[in-house]
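As stored in start11.csv (CSV, C-alpha atoms and all ligand atoms):
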```
chain,number,residue,atom,x,y,z
Q,1,MET,CA,0.0,0.0,0.0
Q,2,ASP,CA,1.4,3.4,-1.0
Q,3,PHE,CA,0.5,5.5,2.2
Q,4,SER,CA,1.4,8.8,0.5
Q,5,LYS,CA,-1.5,8.4,-1.9
Q,6,ILE,CA,-4.1,7.9,0.9
Q,7,GLU,CA,-5.6,11.3,1.8
Q,8,LYS,CA,-6.7,10.1,5.3
Q,9,ILE,CA,-3.2,9.1,6.4
Q,10,HIS,CA,-1.1,12.0,7.7
Q,11,ILE,CA,2.5,11.3,8.5
Q,12,MET,CA,4.3,14.0,10.4
Q,13,GLU,CA,7.2,15.8,8.9
Q,14,HIS,CA,7.9,18.4,11.5
Q,15,PRO,CA,11.6,18.4,12.8
Q,16,LEU,CA,10.5,19.0,16.4
Q,17,ILE,CA,8.4,15.7,16.2
Q,18,LYS,CA,11.3,13.9,14.6
Q,19,HIS,CA,13.8,15.1,17.2
Q,20,LYS,CA,11.6,14.1,20.1
Q,21,ILE,CA,10.8,10.7,18.7
Q,22,SER,CA,14.5,10.0,18.4
Q,23,LEU,CA,14.9,10.9,22.1
Q,24,LEU,CA,12.0,8.5,22.9
Q,25,ARG,CA,13.7,5.6,21.1
Q,26,ASP,CA,16.9,5.9,23.1
Q,27,GLU,CA,16.9,3.1,25.7
Q,28,ARG,CA,18.8,5.4,28.1
Q,29,THR,CA,15.7,7.8,28.3
Q,30,GLY,CA,14.2,7.3,31.7
Q,31,THR,CA,10.6,7.2,32.7
Q,32,THR,CA,10.1,10.9,33.6
Q,33,GLU,CA,11.7,12.2,30.4
Q,34,PHE,CA,9.9,9.5,28.4
Q,35,ARG,CA,6.5,10.6,29.8
Q,36,ASN,CA,7.2,14.2,29.1
Q,37,LEU,CA,8.2,13.5,25.6
Q,38,ILE,CA,5.1,11.5,24.9
Q,39,GLU,CA,3.0,14.4,26.1
Q,40,GLU,CA,4.9,16.9,24.1
Q,41,ILE,CA,4.7,14.9,20.9
Q,42,ALA,CA,1.0,14.3,21.4
Q,43,MET,CA,0.6,18.1,21.7
Q,44,LEU,CA,2.5,18.7,18.5
Q,45,GLU,CA,0.6,16.1,16.6
Q,46,ALA,CA,-2.7,17.5,17.9
Q,47,PHE,CA,-1.8,20.8,16.4
Q,48,GLU,CA,-2.0,19.1,13.0
Q,49,ALA,CA,-4.9,16.8,13.8
Q,50,LEU,CA,-7.1,19.5,15.1
Q,51,ARG,CA,-6.6,22.0,12.3
Q,52,ASP,CA,-10.2,21.5,11.2
Q,53,LEU,CA,-11.8,22.0,14.6
Q,54,PRO,CA,-15.1,24.0,14.2
Q,55,LEU,CA,-15.2,27.5,15.5
Q,56,ARG,CA,-18.1,29.6,16.8
Q,57,GLU,CA,-18.2,33.4,16.9
Q,58,GLU,CA,-18.6,35.2,20.2
Q,59,LEU,CA,-18.7,38.9,21.1
Q,60,VAL,CA,-15.5,40.1,22.8
Q,61,LYS,CA,-14.8,43.5,24.2
Q,62,THR,CA,-11.2,44.5,23.6
Q,63,PRO,CA,-9.8,47.7,25.3
Q,64,ILE,CA,-10.5,49.4,21.9
Q,65,GLU,CA,-13.9,48.1,20.8
Q,66,GLU,CA,-16.3,45.2,20.6
Q,67,THR,CA,-15.7,42.5,18.0
Q,68,MET,CA,-16.9,39.1,17.0
Q,69,ALA,CA,-14.1,36.6,17.7
Q,70,PRO,CA,-13.7,32.8,16.9
Q,71,PHE,CA,-13.6,30.2,19.8
Q,72,ILE,CA,-13.2,26.5,19.8
Q,73,ASP,CA,-16.1,24.5,21.2
Q,74,GLY,CA,-14.0,22.0,23.1
Q,75,LYS,CA,-17.1,20.5,24.9
Q,76,LYS,CA,-17.9,18.7,21.6
Q,77,MET,CA,-14.7,16.8,21.7
Q,78,ALA,CA,-13.8,13.4,23.2
Q,79,ILE,CA,-10.3,12.2,23.8
Q,80,VAL,CA,-10.2,8.4,24.0
Q,81,PRO,CA,-6.9,6.9,25.1
Q,82,ILE,CA,-6.3,3.1,24.6
Q,83,LEU,CA,-5.1,1.9,28.0
Q,84,ARG,CA,-2.5,1.9,29.2
Q,85,ALA,CA,-0.1,3.6,27.0
Q,86,GLY,CA,-2.6,6.0,25.4
Q,87,LEU,CA,-3.0,7.7,28.8
Q,88,GLY,CA,0.5,9.2,28.4
Q,89,MET,CA,-0.8,11.3,25.5
Q,90,VAL,CA,-3.9,12.7,27.2
Q,91,ASN,CA,-2.4,15.7,29.0
Q,92,GLY,CA,-0.8,16.9,25.7
Q,93,ILE,CA,-4.2,17.2,24.1
Q,94,HIS,CA,-5.9,18.5,27.2
Q,95,ALA,CA,-3.3,21.4,27.3
Q,96,LEU,CA,-4.7,22.5,24.0
Q,97,VAL,CA,-8.4,21.7,24.5
Q,98,PRO,CA,-9.0,21.7,28.3
Q,99,SER,CA,-12.8,21.2,28.0
Q,100,ALA,CA,-12.6,18.0,26.0
Q,101,LYS,CA,-14.2,15.0,27.7
Q,102,VAL,CA,-12.2,11.8,28.2
Q,103,GLY,CA,-13.3,8.2,27.5
Q,104,HIS,CA,-11.2,5.1,28.1
Q,105,ILE,CA,-10.8,1.9,26.2
Q,106,GLY,CA,-8.9,-0.9,28.1
Q,107,LEU,CA,-7.2,-3.4,25.7
Q,108,TYR,CA,-4.2,-5.6,26.2
Q,109,ARG,CA,-2.4,-7.7,23.7
Q,110,ASP,CA,-2.1,-11.4,24.4
Q,111,PRO,CA,1.7,-12.0,24.5
Q,112,GLU,CA,1.3,-15.3,22.5
Q,113,THR,CA,-1.4,-14.5,19.9
Q,114,HIS,CA,-0.9,-10.7,19.8
Q,115,GLU,CA,-4.7,-10.4,19.7
Q,116,PRO,CA,-6.3,-7.5,21.6
Q,117,HIS,CA,-8.5,-8.3,24.7
Q,118,GLU,CA,-10.9,-5.8,26.1
Q,119,TYR,CA,-11.1,-5.2,29.8
Q,120,TYR,CA,-12.7,-1.7,30.2
Q,121,CYS,CA,-14.6,0.7,28.1
Q,122,LYS,CA,-16.4,4.0,28.9
Q,123,LEU,CA,-17.2,6.8,26.5
Q,124,PRO,CA,-18.6,10.3,27.2
Q,125,SER,CA,-22.1,10.9,25.9
Q,126,PRO,CA,-23.6,11.9,23.5
Q,127,ILE,CA,-20.7,10.2,21.7
Q,128,GLU,CA,-22.5,10.5,18.3
Q,129,GLN,CA,-22.2,14.3,18.5
Q,130,ARG,CA,-18.5,14.5,19.3
Q,131,LEU,CA,-15.3,14.7,17.4
Q,132,ILE,CA,-13.5,11.6,18.9
Q,133,VAL,CA,-9.7,11.5,19.0
Q,134,VAL,CA,-8.4,8.0,19.8
Q,135,LEU,CA,-4.9,7.9,21.3
Q,136,ASP,CA,-2.3,5.2,21.4
Q,137,PRO,CA,1.5,5.8,21.0
Q,138,MET,CA,2.0,2.4,19.2
Q,139,LEU,CA,0.2,1.1,16.1
Q,140,ALA,CA,1.9,-2.3,15.7
Q,141,THR,CA,-0.3,-5.1,14.2
Q,142,GLY,CA,-3.2,-2.7,14.3
Q,143,GLY,CA,-5.4,-5.1,16.2
Q,144,SER,CA,-5.9,-2.8,19.2
Q,145,ALA,CA,-6.7,0.3,17.2
Q,146,VAL,CA,-9.1,-1.6,14.9
Q,147,GLU,CA,-10.9,-3.0,18.0
Q,148,ALA,CA,-11.1,0.4,19.7
Q,149,VAL,CA,-12.6,2.1,16.6
Q,150,ASN,CA,-15.0,-0.9,16.2
Q,151,PHE,CA,-16.2,-0.3,19.8
Q,152,ILE,CA,-16.6,3.4,19.3
Q,153,LYS,CA,-18.6,2.9,16.1
Q,154,GLN,CA,-20.8,0.3,17.7
Q,155,HIS,CA,-21.7,2.9,20.4
Q,156,GLY,CA,-22.6,5.5,17.8
Q,157,GLY,CA,-19.3,7.4,17.3
Q,158,LYS,CA,-19.1,8.9,13.8
Q,159,GLN,CA,-16.4,11.5,13.5
Q,160,ILE,CA,-13.2,9.6,14.5
Q,161,LYS,CA,-9.5,10.4,14.3
Q,162,PHE,CA,-6.7,8.2,15.4
Q,163,MET,CA,-3.3,9.5,16.6
Q,164,CYS,CA,-0.2,7.4,17.2
Q,165,ILE,CA,3.4,8.3,17.7
Q,166,ILE,CA,5.0,5.3,15.9
Q,167,ALA,CA,3.4,3.0,13.4
Q,168,ALA,CA,4.4,-0.2,11.6
Q,169,PRO,CA,3.4,-0.5,8.0
Q,170,GLU,CA,1.4,-3.7,8.8
Q,171,GLY,CA,-0.7,-1.9,11.4
Q,172,LEU,CA,-1.2,1.3,9.4
Q,173,GLU,CA,-2.4,-0.8,6.4
Q,174,LYS,CA,-4.8,-2.8,8.6
Q,175,LEU,CA,-6.4,0.3,10.3
Q,176,ALA,CA,-6.7,2.2,7.0
Q,177,THR,CA,-8.2,-0.8,5.3
Q,178,GLU,CA,-10.7,-1.7,8.0
Q,179,HIS,CA,-11.7,1.9,8.8
Q,180,PRO,CA,-11.1,3.9,5.6
Q,181,ASP,CA,-13.3,6.7,6.9
Q,182,ILE,CA,-11.1,7.8,9.8
Q,183,ASP,CA,-8.2,10.2,9.7
Q,184,ILE,CA,-4.9,8.6,10.9
Q,185,TYR,CA,-2.1,10.8,12.3
Q,186,VAL,CA,1.3,9.1,12.6
Q,187,GLY,CA,4.4,10.6,14.2
Q,188,ASN,CA,6.8,8.3,12.4
Q,189,LEU,CA,6.3,5.3,10.1
Q,190,ASP,CA,8.8,2.6,11.2
Q,191,ARG,CA,10.3,-0.3,9.2
Q,192,CYS,CA,8.3,-3.4,10.2
Q,193,LEU,CA,7.3,-5.8,13.0
Q,194,ASN,CA,9.6,-8.4,14.6
Q,195,GLU,CA,8.6,-12.0,15.4
Q,196,ASN,CA,7.0,-10.8,18.7
Q,197,ALA,CA,5.0,-8.2,16.9
Q,198,TYR,CA,7.1,-5.3,18.3
Q,199,ILE,CA,7.8,-2.4,16.1
Q,200,MET,CA,11.4,-2.1,14.6
Q,201,PRO,CA,13.3,0.0,15.4
Q,202,GLY,CA,10.4,1.3,17.6
Q,203,LEU,CA,11.0,2.2,21.2
Q,204,GLY,CA,10.2,-1.0,23.1
Q,205,ASP,CA,7.1,-1.4,25.2
Q,206,ALA,CA,5.5,2.0,25.5
Q,207,GLY,CA,3.3,1.2,28.5
Q,208,ASP,CA,6.2,-0.2,30.5
Q,209,ARG,CA,8.4,2.8,29.6
Q,210,ILE,CA,5.6,5.4,30.5
Q,211,PHE,CA,4.7,3.7,33.8
Q,212,GLY,CA,8.0,2.3,34.8
Q,213,THR,CA,6.8,-1.3,34.8
Q,214,LYS,CA,8.4,-4.4,33.3
W,301,LIG,C1,0.4,-1.8,23.3
W,301,LIG,C2,0.2,-0.4,22.7
W,301,LIG,C3,-1.0,-0.7,21.9
W,301,LIG,C4,-0.8,-2.1,21.4
W,301,LIG,C5,-0.4,-2.0,19.9
W,301,LIG,O1,-0.4,-2.0,24.4
W,301,LIG,O2,0.0,0.6,23.7
W,301,LIG,O3,-2.2,-0.5,22.6
W,301,LIG,O4,0.2,-2.7,22.2
W,301,LIG,O5,-0.3,-3.2,19.4
W,301,LIG,P1,-1.2,-3.8,18.2
W,301,LIG,O6,-1.2,-2.7,17.2
W,301,LIG,O7,-0.4,-5.0,17.8
W,301,LIG,O8,-2.5,-4.1,18.8
W,301,LIG,P2,-0.3,-3.4,25.3
W,301,LIG,O9,-1.2,-4.4,24.8
W,301,LIG,O10,1.1,-3.8,25.4
W,301,LIG,O11,-0.9,-2.8,26.7
W,301,LIG,P3,-0.3,-1.7,27.7
W,301,LIG,O12,-0.5,-0.4,27.0
W,301,LIG,O13,-1.2,-1.9,28.8
W,301,LIG,O14,1.1,-2.0,28.0
W,302,LIG,N1,3.3,-2.3,21.8
W,302,LIG,C1,4.4,-1.6,22.2
W,302,LIG,O1,4.3,-0.9,23.3
W,302,LIG,N2,5.5,-1.6,21.5
W,302,LIG,C2,5.5,-2.2,20.3
W,302,LIG,O2,6.6,-2.1,19.6
W,302,LIG,C3,4.4,-2.9,19.9
W,302,LIG,C4,3.3,-2.9,20.6
```

Let me see the file written as structure tokens.
Ligand code: PRP
Ligand code: URA
Amino acid sequence: MDFSKIEKIHIMEHPLIKHKISLLRDERTGTTEFRNLIEEIAMLEAFEALRDLPLREELVKTPIEETMAPFIDGKKMAIVPILRAGLGMVNGIHALVPSAKVGHIGLYRDPETHEPHEYYCKLPSPIEQRLIVVLDPMLATGGSAVEAVNFIKQHGGKQIKFMCIIAAPEGLEKLATEHPDIDIYVGNLDRCLNENAYIMPGLGDAGDRIFGTK
């Protein structure tokens, strides 16, 4: 699949994002710095992913005169991290849109089959009226992202965007094929998956590096 020809796939080119992803990859980067970088990259990607946010006009009185000025209606947005690692990206988006509501989708990958298993899901209502931004730093086989979007659609979600920091071509193709209607934002497209379905070169296990577990 030639990703550059697919309008719904947005692969980041900004040097700040590239630089911060390189720091993330480094195995010497500790938990605190790793968490801060995930948050910063999420914020930078959101700058791109939210460029079509709807605006409403409100009257503002400046020291000079009254004027109609544009405002974002953040109450119409839902941020939905895929647990656990997606949680690391939430503050980065909330810094930009503090009034966005937060849903959660709990999925873990079976270490043998690499299939996603659901353990918790809660979405803010009315979900069908919201712009929904699904967050997960890693798009590996794509199983977790596809399941998360399936769940959101089954519950009425319509306008969905997916943001990840690192994607493997295998996972990006799966998500774009199974959900061709959603916009997908990717910090960096890596080479491939290894035999354990980890992304190469990747950054290891994102959840463990964010939360300091093993
Ligand atoms: C990781 C990651 C994604 C998933 C990606 O989560 O955060 O959710 O794997 O892999 P996939 O594209 O092959 O589905 P994991 O299952 O390790 O859970 P965790 O975030 O709780 O560590
Ligand atoms: N999940 C991760 O955290 N890292 C990978 O490389 C693949 C899945």

>> Need to verify the contact set: Ala148 of chain Q, 10 Å, only C-alpha atoms, exclusion of same-chain residues closer than 5 positions in sequence. Can you return it as a PyMOL selection string?
In response: chain Q and resi 80-82+104-107+116+118+121+134-135+143+153-154+162

What are the closest atom pairs, with distances in Å to one decimal, for each residue of segment 55-154 of chain Q lying within 12 Å of segment 31-36 of chain Q, using all atoms listed in the file, rows by chain and rising residue number, as a tab-separated table?
```
residue	atom	partner	partner_atom	distance
Q:Ala85	CA	Q:Arg35	CA	10.0
Q:Gly86	CA	Q:Arg35	CA	11.1
Q:Leu87	CA	Q:Arg35	CA	10.0
Q:Gly88	CA	Q:Arg35	CA	6.3
Q:Met89	CA	Q:Arg35	CA	8.5
Q:Val90	CA	Q:Arg35	CA	10.9
Q:Asn91	CA	Q:Asn36	CA	9.7
Q:Gly92	CA	Q:Asn36	CA	9.1
Q:Pro137	CA	Q:Arg35	CA	11.2
```

Let me see if you get this right: every residue at most 7 Å from ligand LIG 302 (chain W), counting all atoms listed in the file, written as a tab-separated table (two decimals) with C-alpha atoms, in the frame of the given file.
```tsv
chain	number	residue	atom	x	y	z
Q	138	MET	CA	2.00	2.40	19.20
Q	139	LEU	CA	0.20	1.10	16.10
Q	140	ALA	CA	1.90	-2.30	15.70
Q	197	ALA	CA	5.00	-8.20	16.90
Q	198	TYR	CA	7.10	-5.30	18.30
Q	199	ILE	CA	7.80	-2.40	16.10
Q	200	MET	CA	11.40	-2.10	14.60
Q	202	GLY	CA	10.40	1.30	17.60
Q	203	LEU	CA	11.00	2.20	21.20
Q	204	GLY	CA	10.20	-1.00	23.10
Q	205	ASP	CA	7.10	-1.40	25.20
Q	206	ALA	CA	5.50	2.00	25.50
Q	207	GLY	CA	3.30	1.20	28.50
```

> Counting only C-alpha atoms, what is within 10 Å of His94 of chain Q, bar same-chain residues fewer than 2 positions away, as a count of residues only?
Replying inline: 17

>> The residues within 7 Å of (-3.4, 11.4, 6.5), using only C-alpha atoms and the coordinates of the file, should be reported as a list in words; which are they?
In response: Ile6, Glu7, Lys8, Ile9, His10, Ile11, Asp183, Ile184 and Tyr185 of chain Q

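Around the coordinate (-4.6, -6.2, 24.1), residues that reach within 10 Å when counting all atoms listed in the file are Ile82, Leu83, Arg84, Gly106, Leu107, Tyr108, Arg109, Asp110, Pro111, Thr113, His114, Glu115, Pro116, His117, Glu118, Tyr119, Gly143, Ser144, Ala145 and Glu147 of chain Q.
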
> Using only C-alpha atoms, which residue out of Q:Ala95, Q:Leu24, Q:Lys76, Q:Val146 lies closest to Thr177 of chain Q?
Replying inline: Q:Val146

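Put simply, atom O6 of ligand LIG 301 (chain W) is 9.3 Å away from atom CA of Lys174 of chain Q.
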
> Looking at Q:Ile165, Q:Val60, Q:Leu53, Q:Ile127, which one is nearest to Ile72 of chain Q, with distances taken over all atoms listed in the file?
Replying inline: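 The shortest atom-to-atom distance to Ile72 of chain Q comes from Q:Leu53.
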
The centre and edge lengths of an axis-aligned box containing all atoms of ligand LIG 301 (chain W) present in the file, extended by 6 Å on each side, are to be given in Å to one decimal, as AutoDock Vina command-line options.
```
--center_x -0.7 --center_y -2.2 --center_z 23.0 --size_x 15.6 --size_y 17.6 --size_z 23.6
```

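Closest approach to Val186 of chain Q among Q:Glu27, Q:Glu170, Q:Asp73, Q:Asp136: Q:Asp136, based on all atoms listed in the file.
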
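Using all atoms listed in the file, the shortest contact distance between Leu55 of chain Q and any of Q:Leu172, Q:Lys75, Q:Lys5, Q:Leu37 is found at Q:Lys75.
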